[in-house]
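Worksheet: the structure to be examined is printed underneath.
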Amino acid sequence: MKTFADMVKEHGGKQAVAALFGVSRSAVNKWCMSNRVPATKAALIGEAFKVDPQILRPDVFPNSLLGGRK
């Protein structure tokens with residue numbers, strides 16, 4: 001399974017991702033280090049990265065939005 005840091009690298013690095021989501025590079029670094037994104041950004045990040053938000057925050061999205069799993 002890819003880590004959030006892997007996804008960030010695939011999308012141009014921390015500075016590029018920070019600009020994309022209107023946050024600081026240090027915020028993205030924190031997300032990479034914890035492998036956890038803020039609940040308020042999970043759906044947006046999931047859409048931009050073409051990843052089910054459940055992968056990013058299973059505690060917030062317990063049911064898959066893409067696969068219909070329960």
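By order in the structure tokens, chains are A, B, ...; within a chain, residues start at 1; ligands start at 1, following the order shown.
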- Find the residues around Ser34 (chain A) up to 10 Å (only C-alpha atoms counted), leave out those fewer than 5 positions away in its own chain, and share them as a list in words.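 Answer for this query is Thr3, Phe4, Ala5, Val28 and Asn29 of chain A.
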For the residues selected in the previous step, produce a file with N, CA and C atoms as an mmCIF file, in the first residue's frame.
data_model
loop_
_atom_site.group_PDB
_atom_site.id
_atom_site.type_symbol
_atom_site.label_atom_id
_atom_site.label_comp_id
_atom_site.auth_asym_id
_atom_site.auth_seq_id
_atom_site.Cartn_x
_atom_site.Cartn_y
_atom_site.Cartn_z
ATOM 1 N N THR A 3 2.099 4.956 0.787
ATOM 2 C CA THR A 3 1.975 5.903 1.886
ATOM 3 C C THR A 3 1.567 7.258 1.317
ATOM 4 N N PHE A 4 1.159 8.139 2.184
ATOM 5 C CA PHE A 4 0.827 9.481 1.724
ATOM 6 C C PHE A 4 2.066 10.141 1.128
ATOM 7 N N ALA A 5 3.233 9.892 1.711
ATOM 8 C CA ALA A 5 4.476 10.460 1.176
ATOM 9 C C ALA A 5 4.718 9.985 -0.256
ATOM 10 N N VAL A 28 2.225 19.790 4.855
ATOM 11 C CA VAL A 28 2.320 18.572 4.047
ATOM 12 C C VAL A 28 3.372 17.636 4.630
ATOM 13 N N ASN A 29 4.463 18.192 5.102
ATOM 14 C CA ASN A 29 5.498 17.371 5.732
ATOM 15 C C ASN A 29 4.936 16.636 6.949
#
- Task: Mind checking which residues fall within 10 Å of Pro38 (chain A), counting only C-alpha atoms, ignoring those fewer than 6 positions away in the same chain, and posting them as a list in words?
- Result: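 Result of the neighbour search: Ala27, Trp31, Ile45, Leu56, Arg57 and Val60 of chain A.
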- Counting only C-alpha atoms, the residue of A:Ala16, A:Cys32, A:Val8, A:Val37 that sits nearest Gln54 (chain A):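 Closest residue, counting only C-alpha atoms: A:Val37.
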Extract, using only C-alpha atoms, all DNA, RNA and protein residues at most 9 Å from Gln15 (chain A), discarding same-chain residues fewer than 5 positions from it, and format them as an mmCIF file with C-alpha atoms, in the first residue's frame.
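That gives us out_5.cif:
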data_model
loop_
_atom_site.group_PDB
_atom_site.id
_atom_site.type_symbol
_atom_site.label_atom_id
_atom_site.label_comp_id
_atom_site.auth_asym_id
_atom_site.auth_seq_id
_atom_site.Cartn_x
_atom_site.Cartn_y
_atom_site.Cartn_z
ATOM 1 C CA LEU A 20 -2.376 22.681 -4.634
ATOM 2 C CA SER A 24 2.273 25.267 3.996
ATOM 3 C CA ARG A 25 5.016 22.871 3.003
ATOM 4 C CA SER A 26 5.449 22.083 6.692
ATOM 5 C CA VAL A 28 2.320 18.572 4.047
#
